[in-house]
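Undergrad: Shown below is the structure under consideration.
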Amino acid sequence: MKHDRRNAAPARALLLAAVLLAAPLTHAQDSAAQWMTKVTQAARTLSYSGTVMVRQGSNFETFRLAHLYENGEEAEKLLSLDGPAREIVRSPTEVRYYFPDAKVVRIEPRTIRNVFPTLSPEQTANLAQYYDFKLVPGGRVAGRVTEMAVFHPKDGMRYGHRFWADPATGLLLRSRLVDERGEVIEEFAFTDVTINAKLDRDLLQPSWTAVPDDWKVKRGGPGEVVLKDTDWVVTKLPGGFTKIMEGYRTFPGRSEPSAHLVYSDGLVAISVFIEPFTVTHTQIGLTQTGGLAQYAVRNDAYRVVVVGEAPPATVRQIAQSVARRP
Amino acid sequence: MNEKISHLMDGELDAAEFEQCCARLGAADARATWLCYHVIGDHLRGTGSDSGGGTAFLARLHTALAAEPTVLAPAPQRPATRPATFAWAVAATLAAVTVVGWTALSIVDVPPNGIAKAREAATVRAAAVRAPTGDLPNEYLLAHQEYSPLALQSGGPYLRSAAATAPAPAEPRP
């Protein structure tokens with residue numbers, strides 16, 4: 001017995017050393033992905049309401065937000081507090097965008113689902129390989145003491161990300177995208193928030209119980225994806241991005257389907273759309289809205305549109321290297 | 001001056017500044033900047049003559065330069081102007097093609113401030129082509145958000161769409 005113990009001690013020490021040596025990498029990988037999973041789930045499965053400030057480039061806007069999670073279903077209402085009036089009401093089956101100034105309501109079947117409950121092992125590895133991740137005290141946001149997650153990019157192909165979360169519930173209270181010079185290009189932040197309190201159902205009702213007669217009703221939405229091999233490839237895919245989806249979707253009002261491929265580095269996604277080029281496709285080139293860059297380019301008989309939360313150069317590189325599979 | 005040229009191209013100068021700026025475009029430096037910004041703009045919009053890559057363009061540029069007559073009596077006052085401008089134009093073009101493709105720039109022998117200027121120029125143009133938010137096709141944005149881990153935070157994907165639709169999204173007003 002005594003003998004055994006004496007032998008076990010060095011073995012344990014060795015094992016401990018091995019664990020300690022292996023720990024930093026595995027821990028960083030796990031913690032970055034786990035943290036992302038935690039906040040994503042929290043945003044979906046908590047009920048909360050508050051005021052959110054959105055900053056895209058030099059534009060600031062505020063919204064009243066109410067999110068309800070009940071019996072496994074989500075409902076949400078967003079109300080713009082400045083700028084042109086907008087109201088977005090999301091029920092489990094559809095999303096309605098109200099534009100009272102223009103007297104337009106846009107109705108979409110609910111298609112955005114929680115595609116990212118967890119990251120794939122490949123995405124988890126990419127996250128650790130292409131970003132330095134650390135958790136630090138984040139100070140106060142919306143009156144709450146937060147923890148801050150910093151994702152610092154290791155190359156110039158992606159933005160830096162900072163997230164402030166409520167440590168108790170995991171709800172994100174502020175997020176920031178910063179470019180390589182450290183300038184904030186997009187920010188979402190609660191200025192006040194109530195989490196898990198009983199939500200007044202009225203907060204989730206649209207201001208119009210029925211669409212007024214003189215309003216225009218537009219039906220739209222991105223259509224459903226049919227997963228399928230498209231025979232399109234990105235030949236110069238920036239490091240760290242892996243394909244997470246490939247298929248076809250038919251946008252409303254179009255006869256031809258568009259190929260849709262999605263690449264992700266675990267933190268952001270970049271979508272590639274390829275569709276037959278038509279003369280109505282006048283929009284070619286770069287468009288930027290906060291952290292979202294879009295680049296459209298003609299590729300022989302096709303138009304390629306790339307959209308993603310990445311620097312314009314990254315989006316552009318992808319757009320220009322789309323080719324038929326050899 | 002470079003900033004003024006950029007503003008001129010964007011139609012942001014007032015009448016007096018416009019006259020002043022146009023008068024200054026008589027200088028070779030200013031004209032090179034004007035040309036350089038247009039090349040950058042064309043490339044950023046994908047309407048450049050060489051949106052497929054920089055090699056063909058550079059090859060044509062070199063051929064064109066080689067065909068240029070050699071000036072046997074260079075202007076004595078500004079001997080450095082031509083090479084510096086050329087370097088800058090090349091750097092700017094590369095910067096426009098790759099935008100932040102630093103590695104591509106490092107293989108071209110250009111003065112560091114040329115790179116910085118080119119980069120600044122590219123940044124200026126990138127900022128200038130920023131379109132009104134309502135122009136972003138909502139369908140692409142929405143189709144994309146479904147897969148974006150970022151879009152699934154508090155406020156959900158709709159917060160960003162809401163902000164992106166600031167002017168009602170290309171909806172014709174009745």
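Within each chain, counting starts at residue 1; across the structure tokens, chains are named A, B, ... in the order shown, with ligands numbered 1 upward in that order.
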Do me a favour and pick out the residues of chain A within 7 Å of chain B, using only C-alpha atoms, as a ChimeraX atom specification.

TA: /A:39-40,43,65,84,99,102,112-113,115-116,171-172,221-222,267-269,271,284-289,297,313,320

Undergrad: Take CA of Ser58 in chain A and CA of Ala149 in chain A and report the distance between them in Å, one decimal.

TA: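 Distance between the two atoms: 24.0 Å.
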
Undergrad: What are the closest atom pairs, with distances in Å to one decimal, for all residues of range 180-212 of chain A lying within 10 Å of range 160-163 of chain A? Consider only C-alpha atoms, order rows by chain and residue number, and present the result as a tab-separated table.

TA:
residue	atom	partner	partner_atom	distance
A:Glu180	CA	A:Gly160	CA	7.4
A:Arg181	CA	A:Gly160	CA	9.9
A:Gly182	CA	A:Gly160	CA	8.0
A:Glu183	CA	A:Gly160	CA	9.7
A:Val184	CA	A:Gly160	CA	9.3
A:Glu186	CA	A:His161	CA	9.8
A:Glu187	CA	A:Arg162	CA	9.4
A:Phe188	CA	A:Phe163	CA	9.6
A:Ala189	CA	A:Phe163	CA	9.8

Undergrad: Could you write out that same residue set with C-alpha atoms as a PDB file, in the first residue's frame?

TA:
ATOM      1  CA  GLU A 180      -7.109  47.206 -37.474  1.00  0.00           C
ATOM      2  CA  ARG A 181      -6.546  50.749 -36.229  1.00  0.00           C
ATOM      3  CA  GLY A 182      -8.756  50.117 -33.229  1.00  0.00           C
ATOM      4  CA  GLU A 183     -11.528  52.350 -34.534  1.00  0.00           C
ATOM      5  CA  VAL A 184     -15.048  51.275 -33.665  1.00  0.00           C
ATOM      6  CA  GLU A 186     -20.045  49.074 -35.366  1.00  0.00           C
ATOM      7  CA  GLU A 187     -21.483  48.916 -31.890  1.00  0.00           C
ATOM      8  CA  PHE A 188     -24.625  47.629 -30.233  1.00  0.00           C
ATOM      9  CA  ALA A 189     -25.225  48.584 -26.611  1.00  0.00           C
TER      10      ALA A 189
END

Undergrad: Quick check, in Å to one decimal: how far apart do CA of Val304 in chain A and CA of Ser264 in chain A lie?

TA: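 One can read the CA of Val304 in chain A to CA of Ser264 in chain A distance as 18.0 Å.
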
Undergrad: I'd like the neighbourhood of Asn196 in chain A as a ChimeraX atom specification, where a residue qualifies if any of its atoms comes within 7 Å (using only C-alpha atoms), though same-chain residues fewer than 4 positions away should be ignored.

TA: /A:46-48

Undergrad: Generate the output file for the selected residues, N, CA and C atoms, as a compact mmCIF listing (two decimals), in the first residue's frame.

TA:
# COMPACT_ATOMS: atom_id res chain seq x y z
N LEU A 46 -33.62 33.90 -23.17
CA LEU A 46 -33.98 34.75 -22.05
C LEU A 46 -35.10 35.69 -22.49
N SER A 47 -35.83 36.22 -21.51
CA SER A 47 -36.78 37.28 -21.81
C SER A 47 -36.17 38.57 -21.27
N TYR A 48 -36.19 39.60 -22.10
CA TYR A 48 -35.58 40.86 -21.67
C TYR A 48 -36.17 42.02 -22.45

Undergrad: Residues at most 6 Å from Glu147 in chain A, counting only C-alpha atoms, excluding those fewer than 4 positions away in the same chain, as number ranges by chain?

TA: A: 136-138, 164-165

Undergrad: Write the residues you've just listed into a file as an mmCIF file, in the first residue's frame, and include C-alpha atoms for each of them.

TA:
data_model
loop_
_atom_site.group_PDB
_atom_site.id
_atom_site.type_symbol
_atom_site.label_atom_id
_atom_site.label_comp_id
_atom_site.auth_asym_id
_atom_site.auth_seq_id
_atom_site.Cartn_x
_atom_site.Cartn_y
_atom_site.Cartn_z
ATOM 1 C CA VAL A 136 -11.467 40.406 -18.536
ATOM 2 C CA PRO A 137 -13.621 42.493 -16.198
ATOM 3 C CA GLY A 138 -15.660 44.765 -18.440
ATOM 4 C CA TRP A 164 -19.653 42.762 -22.747
ATOM 5 C CA ALA A 165 -21.986 40.278 -21.075
#

Undergrad: DSSP on the backbone: what in range 109-301 of chain A comes out strand (DSSP E or B), as a ChimeraX atom specification?

TA: /A:109,131-141,144-153,160-165,172-178,184-195,216-219,225-227,232-234,242-249,258-264,269-276,285-289,292-299

Undergrad: How about saving the chosen residues, C-alpha atoms kept, as a tab-separated table (two decimals), in the first residue's frame?

TA:
chain	number	residue	atom	x	y	z
A	109	PRO	CA	-42.25	34.22	-43.34
A	131	TYR	CA	-8.17	35.14	-32.76
A	132	ASP	CA	-6.51	35.78	-29.41
A	133	PHE	CA	-9.25	35.31	-26.86
A	134	LYS	CA	-9.37	36.65	-23.34
A	135	LEU	CA	-11.96	37.32	-20.68
A	136	VAL	CA	-11.47	40.41	-18.54
A	137	PRO	CA	-13.62	42.49	-16.20
A	138	GLY	CA	-15.66	44.77	-18.44
A	139	GLY	CA	-16.82	47.54	-16.14
A	140	ARG	CA	-20.44	48.66	-16.06
A	141	VAL	CA	-22.85	48.61	-18.98
A	144	ARG	CA	-24.62	46.17	-14.61
A	145	VAL	CA	-21.11	44.98	-13.89
A	146	THR	CA	-20.00	42.98	-16.91
A	147	GLU	CA	-17.37	40.56	-18.09
A	148	MET	CA	-15.70	41.41	-21.37
A	149	ALA	CA	-14.60	38.93	-24.02
A	150	VAL	CA	-11.92	40.17	-26.38
A	151	PHE	CA	-11.35	38.48	-29.73
A	152	HIS	CA	-8.25	40.03	-31.20
A	153	PRO	CA	-7.60	39.02	-34.82
A	160	GLY	CA	-11.57	42.63	-33.80
A	161	HIS	CA	-14.54	41.95	-31.53
A	162	ARG	CA	-15.34	42.99	-27.97
A	163	PHE	CA	-18.34	41.67	-26.13
A	164	TRP	CA	-19.65	42.76	-22.75
A	165	ALA	CA	-21.99	40.28	-21.07
A	172	LEU	CA	-24.79	40.47	-24.21
A	173	LEU	CA	-25.10	44.07	-23.15
A	174	ARG	CA	-22.67	45.61	-25.58
A	175	SER	CA	-20.69	44.44	-28.60
A	176	ARG	CA	-18.16	46.25	-30.71
A	177	LEU	CA	-16.42	45.65	-34.02
A	178	VAL	CA	-13.07	47.38	-34.34
A	184	VAL	CA	-15.05	51.28	-33.67
A	185	ILE	CA	-16.95	50.62	-36.86
A	186	GLU	CA	-20.05	49.07	-35.37
A	187	GLU	CA	-21.48	48.92	-31.89
A	188	PHE	CA	-24.63	47.63	-30.23
A	189	ALA	CA	-25.22	48.58	-26.61
A	190	PHE	CA	-28.05	48.45	-24.12
A	191	THR	CA	-28.39	51.72	-22.28
A	192	ASP	CA	-30.93	50.18	-19.92
A	193	VAL	CA	-32.10	46.62	-19.63
A	194	THR	CA	-34.44	44.40	-17.62
A	195	ILE	CA	-33.65	40.71	-17.68
A	216	LYS	CA	-48.96	48.88	-49.23
A	217	VAL	CA	-48.30	45.27	-48.25
A	218	LYS	CA	-45.07	43.78	-49.52
A	219	ARG	CA	-44.32	40.14	-49.16
A	225	VAL	CA	-32.47	27.04	-48.86
A	226	VAL	CA	-32.23	23.71	-50.62
A	227	LEU	CA	-28.92	22.16	-49.60
A	232	TRP	CA	-19.00	26.91	-57.36
A	233	VAL	CA	-15.84	27.35	-55.34
A	234	VAL	CA	-13.89	30.20	-53.75
A	242	THR	CA	-14.51	27.06	-43.69
A	243	LYS	CA	-17.64	26.34	-45.65
A	244	ILE	CA	-20.62	25.78	-43.39
A	245	MET	CA	-23.45	25.72	-45.92
A	246	GLU	CA	-23.97	25.26	-49.64
A	247	GLY	CA	-27.21	25.28	-51.54
A	248	TYR	CA	-29.72	27.18	-53.62
A	249	ARG	CA	-32.41	29.63	-52.64
A	258	SER	CA	-29.32	31.86	-56.53
A	259	ALA	CA	-26.49	29.68	-55.31
A	260	HIS	CA	-25.76	30.48	-51.66
A	261	LEU	CA	-22.54	29.41	-49.96
A	262	VAL	CA	-21.60	30.42	-46.43
A	263	TYR	CA	-18.12	30.50	-44.92
A	264	SER	CA	-17.37	31.12	-41.25
A	269	ALA	CA	-19.91	34.53	-41.55
A	270	ILE	CA	-19.46	35.50	-45.17
A	271	SER	CA	-22.19	34.68	-47.67
A	272	VAL	CA	-21.54	34.17	-51.36
A	273	PHE	CA	-24.49	34.48	-53.76
A	274	ILE	CA	-24.14	33.54	-57.42
A	275	GLU	CA	-26.96	34.22	-59.83
A	276	PRO	CA	-27.44	34.72	-63.56
A	285	GLY	CA	-18.89	47.27	-56.35
A	286	LEU	CA	-18.56	47.83	-52.64
A	287	THR	CA	-21.23	48.80	-50.14
A	288	GLN	CA	-20.53	49.13	-46.43
A	289	THR	CA	-23.00	49.37	-43.59
A	292	LEU	CA	-21.13	44.60	-42.88
A	293	ALA	CA	-19.42	44.77	-46.25
A	294	GLN	CA	-20.99	43.76	-49.51
A	295	TYR	CA	-19.18	43.38	-52.78
A	296	ALA	CA	-20.88	42.67	-56.08
A	297	VAL	CA	-18.99	41.75	-59.21
A	298	ARG	CA	-19.85	40.38	-62.63
A	299	ASN	CA	-18.44	36.97	-63.45
